[in-house]
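Some notes on the structure that comes next.
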Amino acid sequence: MTIYYLQIYPQLYNWVTFPLVSLIEKIYSQCTANMDATPSMFPDPCLVELCSVAERALNYMHTGNAAVISTTVMNPLWIGNAVVQDGLPCLNRNIVSLHANSQVSVIKQHWPYHQARQQPKTSSSAAQIFAYDLSHFNVSIFPQTLLTHAENLFSGFLCLFIPSLGKIPPCACFGI
(Lines give C-alpha, C1' and ligand atoms only; values in the text may rest on other atoms or scores of the structure.)
Protein backbone atom coordinates (compact mmCIF):
# COMPACT_ATOMS: atom_id res chain seq x y z
CA MET A 1 0.00 0.00 0.00
CA THR A 2 1.32 3.43 -0.99
CA ILE A 3 0.35 6.51 0.97
CA TYR A 4 0.53 9.86 -0.80
CA TYR A 5 0.65 13.04 1.23
CA LEU A 6 -0.86 16.32 0.11
CA GLN A 7 1.60 18.69 -1.55
CA ILE A 8 4.47 16.19 -1.36
CA TYR A 9 5.56 16.84 -4.94
CA PRO A 10 6.32 20.58 -4.43
CA GLN A 11 8.08 19.74 -1.16
CA LEU A 12 10.25 17.23 -3.03
CA TYR A 13 11.37 19.99 -5.41
CA ASN A 14 12.18 22.23 -2.44
CA TRP A 15 14.32 19.50 -0.91
CA VAL A 16 16.21 18.60 -4.10
CA THR A 17 16.83 22.21 -5.19
CA PHE A 18 17.84 23.51 -1.75
CA PRO A 19 21.60 23.75 -2.60
CA LEU A 20 20.96 25.85 -5.70
CA VAL A 21 18.46 28.13 -3.99
CA SER A 22 20.92 28.60 -1.11
CA LEU A 23 23.72 29.46 -3.54
CA ILE A 24 21.55 32.00 -5.37
CA GLU A 25 20.54 33.59 -2.04
CA LYS A 26 24.20 33.78 -0.91
CA ILE A 27 25.30 35.40 -4.16
CA TYR A 28 22.39 37.86 -4.04
CA SER A 29 23.04 38.88 -0.45
CA GLN A 30 26.77 39.21 -1.13
CA CYS A 31 26.19 41.42 -4.20
CA THR A 32 23.60 43.60 -2.50
CA ALA A 33 25.85 44.05 0.54
CA ASN A 34 28.70 45.17 -1.72
CA MET A 35 26.39 47.52 -3.63
CA ASP A 36 24.97 48.96 -0.39
CA ALA A 37 28.51 49.68 0.79
CA THR A 38 29.43 51.35 -2.53
CA PRO A 39 26.25 52.38 -4.39
CA SER A 40 28.07 53.56 -7.54
CA MET A 41 29.70 50.15 -8.02
CA PHE A 42 28.32 47.44 -10.29
CA PRO A 43 28.16 43.90 -8.90
CA ASP A 44 31.06 41.60 -9.68
CA PRO A 45 30.43 40.25 -13.23
CA CYS A 46 31.69 36.81 -12.18
CA LEU A 47 29.13 36.60 -9.37
CA VAL A 48 26.37 37.77 -11.72
CA GLU A 49 27.42 35.06 -14.16
CA LEU A 50 27.61 32.40 -11.45
CA CYS A 51 24.11 33.41 -10.31
CA SER A 52 22.89 33.06 -13.90
CA VAL A 53 24.44 29.59 -14.11
CA ALA A 54 22.78 28.55 -10.85
CA GLU A 55 19.43 29.93 -12.03
CA ARG A 56 19.70 27.97 -15.28
CA ALA A 57 20.45 24.79 -13.34
CA LEU A 58 17.47 25.48 -11.08
CA ASN A 59 15.31 26.06 -14.15
CA TYR A 60 16.45 22.71 -15.58
CA MET A 61 15.67 20.94 -12.32
CA HIS A 62 12.12 22.33 -12.35
CA THR A 63 11.34 21.91 -16.05
CA GLY A 64 13.60 19.11 -17.29
CA ASN A 65 14.26 21.16 -20.44
CA ALA A 66 17.94 20.77 -21.36
CA ALA A 67 17.73 23.81 -23.64
CA VAL A 68 18.31 26.04 -20.59
CA ILE A 69 21.74 24.48 -20.01
CA SER A 70 24.40 26.73 -21.53
CA THR A 71 26.93 23.96 -22.09
CA THR A 72 29.85 26.20 -23.12
CA VAL A 73 29.99 27.82 -19.71
CA MET A 74 28.16 25.33 -17.48
CA ASN A 75 30.01 22.12 -18.40
CA PRO A 76 33.48 23.44 -17.48
CA LEU A 77 31.94 24.51 -14.16
CA TRP A 78 30.65 20.89 -13.85
CA ILE A 79 27.13 22.03 -13.01
CA GLY A 80 25.78 21.50 -16.54
CA ASN A 81 26.69 17.83 -16.74
CA ALA A 82 25.93 17.24 -13.06
CA VAL A 83 22.28 18.30 -13.14
CA VAL A 84 21.62 16.52 -16.44
CA GLN A 85 23.44 13.27 -15.64
CA ASP A 86 23.03 12.97 -11.85
CA GLY A 87 20.18 15.34 -11.04
CA LEU A 88 22.15 17.15 -8.34
CA PRO A 89 24.33 20.24 -8.73
CA CYS A 90 28.10 20.12 -8.48
CA LEU A 91 30.59 22.98 -8.89
CA ASN A 92 34.23 22.81 -9.94
CA ARG A 93 36.14 23.88 -6.82
CA ASN A 94 39.05 25.02 -8.99
CA ILE A 95 36.75 27.80 -10.25
CA VAL A 96 34.17 28.45 -7.50
CA SER A 97 35.05 28.68 -3.81
CA LEU A 98 32.57 28.64 -0.97
CA HIS A 99 34.08 29.98 2.24
CA ALA A 100 33.16 29.33 5.86
CA ASN A 101 32.12 32.98 6.28
CA SER A 102 29.35 32.41 3.69
CA GLN A 103 31.23 34.26 0.97
CA VAL A 104 31.24 32.96 -2.59
CA SER A 105 34.25 33.70 -4.74
CA VAL A 106 35.15 32.93 -8.32
CA ILE A 107 38.73 32.24 -9.34
CA LYS A 108 38.70 34.41 -12.43
CA GLN A 109 41.84 32.94 -13.96
CA HIS A 110 40.08 29.57 -14.36
CA TRP A 111 36.72 30.83 -15.64
CA PRO A 112 35.80 29.29 -19.05
CA TYR A 113 37.25 31.49 -21.78
CA HIS A 114 36.34 31.86 -25.47
CA GLN A 115 39.69 31.99 -27.31
CA ALA A 116 38.31 33.14 -30.67
CA ARG A 117 36.39 36.06 -29.17
CA GLN A 118 39.02 36.79 -26.51
CA GLN A 119 36.38 37.05 -23.78
CA PRO A 120 35.00 35.00 -20.90
CA LYS A 121 32.13 32.65 -21.71
CA THR A 122 28.74 33.79 -20.49
CA SER A 123 25.16 32.63 -20.14
CA SER A 124 23.69 35.85 -18.81
CA SER A 125 24.10 38.39 -21.60
CA ALA A 126 20.41 39.29 -21.94
CA ALA A 127 19.88 39.57 -18.18
CA GLN A 128 22.95 41.77 -17.66
CA ILE A 129 22.06 44.13 -20.50
CA PHE A 130 18.46 44.41 -19.27
CA ALA A 131 19.25 44.85 -15.55
CA TYR A 132 22.38 47.01 -15.83
CA ASP A 133 23.54 48.13 -19.25
CA LEU A 134 25.65 47.11 -22.22
CA SER A 135 28.88 48.31 -20.60
CA HIS A 136 28.29 45.95 -17.67
CA PHE A 137 27.90 43.00 -20.04
CA ASN A 138 30.87 44.01 -22.19
CA VAL A 139 33.40 43.34 -19.48
CA SER A 140 36.12 44.41 -21.89
CA ILE A 141 34.64 47.95 -21.87
CA PHE A 142 35.16 48.95 -18.26
CA PRO A 143 34.67 52.46 -16.96
CA GLN A 144 38.06 53.84 -15.93
CA THR A 145 37.49 53.27 -12.21
CA LEU A 146 36.74 49.59 -12.73
CA LEU A 147 39.66 49.20 -15.13
CA THR A 148 41.97 50.64 -12.49
CA HIS A 149 40.53 48.19 -9.95
CA ALA A 150 41.00 45.31 -12.41
CA GLU A 151 44.58 46.43 -13.08
CA ASN A 152 45.35 46.32 -9.37
CA LEU A 153 43.83 42.87 -8.97
CA PHE A 154 45.34 41.14 -11.97
CA SER A 155 48.55 42.97 -12.83
CA GLY A 156 50.62 40.64 -10.67
CA PHE A 157 49.09 37.55 -12.25
CA LEU A 158 49.50 38.75 -15.83
CA CYS A 159 53.01 40.08 -15.29
CA LEU A 160 54.12 36.60 -14.27
CA PHE A 161 53.33 35.45 -17.80
CA ILE A 162 53.84 38.68 -19.75
CA PRO A 163 56.73 40.58 -18.11
CA SER A 164 56.71 43.37 -20.72
CA LEU A 165 53.08 44.18 -19.97
CA GLY A 166 52.90 47.74 -18.75
CA LYS A 167 49.13 48.05 -18.63
CA ILE A 168 46.47 45.41 -18.66
CA PRO A 169 44.56 45.24 -21.94
CA PRO A 170 40.81 45.77 -21.46
CA CYS A 171 40.05 42.20 -22.57
CA ALA A 172 41.99 40.86 -19.58
CA CYS A 173 39.53 42.06 -16.99
CA PHE A 174 38.71 38.50 -15.89
CA GLY A 175 42.40 37.92 -15.20
CA ILE A 176 42.88 35.53 -18.09
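So you can find residues: chains in the C-alpha coordinates are A, B, ... in the order shown, residues in each start at 1, and ligands are numbered from 1 in order.
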
Closest pair table for stretch 87-139 of chain A residues within 10 Å of stretch 51-63 of chain A, only C-alpha atoms, as a tab-separated table:
```
residue	atom	partner	partner_atom	distance
A:Gly87	CA	A:Met61	CA	7.3
A:Leu88	CA	A:Met61	CA	8.5
A:Pro89	CA	A:Ala57	CA	7.6
A:Leu91	CA	A:Ala54	CA	9.8
A:Thr122	CA	A:Val53	CA	8.8
A:Ser123	CA	A:Ser52	CA	6.7
A:Ser124	CA	A:Ser52	CA	5.7
A:Ser125	CA	A:Ser52	CA	9.4
A:Ala127	CA	A:Ser52	CA	8.4
A:Gln128	CA	A:Ser52	CA	9.5
```

Checklist entry - How many Å lie between atom CA of A:Ala67 and atom CA of A:Arg93, rounded to one decimal? => result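 These atoms are spaced 24.9 Å apart.
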
Item to check | Shortest interatomic distance to A:Phe137 - which of A:Pro45, A:Gly80, A:Pro112, A:Gly64, counting only C-alpha atoms | outcome: A:Pro45

Next on the checklist: Just list as a PyMOL selection string whatever in stretch 3-160 of chain A DSSP marks as strand (DSSP E).
Outcome noted: chain A and resi 96-98+104-106+113-114+119-120

Next on the checklist: Applying 10 Å and only C-alpha atoms, which residues near A:Lys121 remain after dropping the ones on its own chain fewer than 4 positions away? List them as a list in words.
Outcome noted: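 In the requested form, the answer reads Glu49, Ser70, Thr72, Val73, Met74, Trp111, Pro112, Tyr113, His114, Gln115, Arg117 and Ser125 of chain A.
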
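Residues with any atom within 12 Å of A:Asn92, counting only C-alpha atoms and excluding same-chain neighbours fewer than 5 positions away, are Leu50, Val73, Met74, Asn75, Pro76, Leu77, Trp78, Ile79, Gly80, Asn81, Ala82, Ser97, Leu98, Val106, Ile107, His110, Trp111 and Pro112 of chain A.
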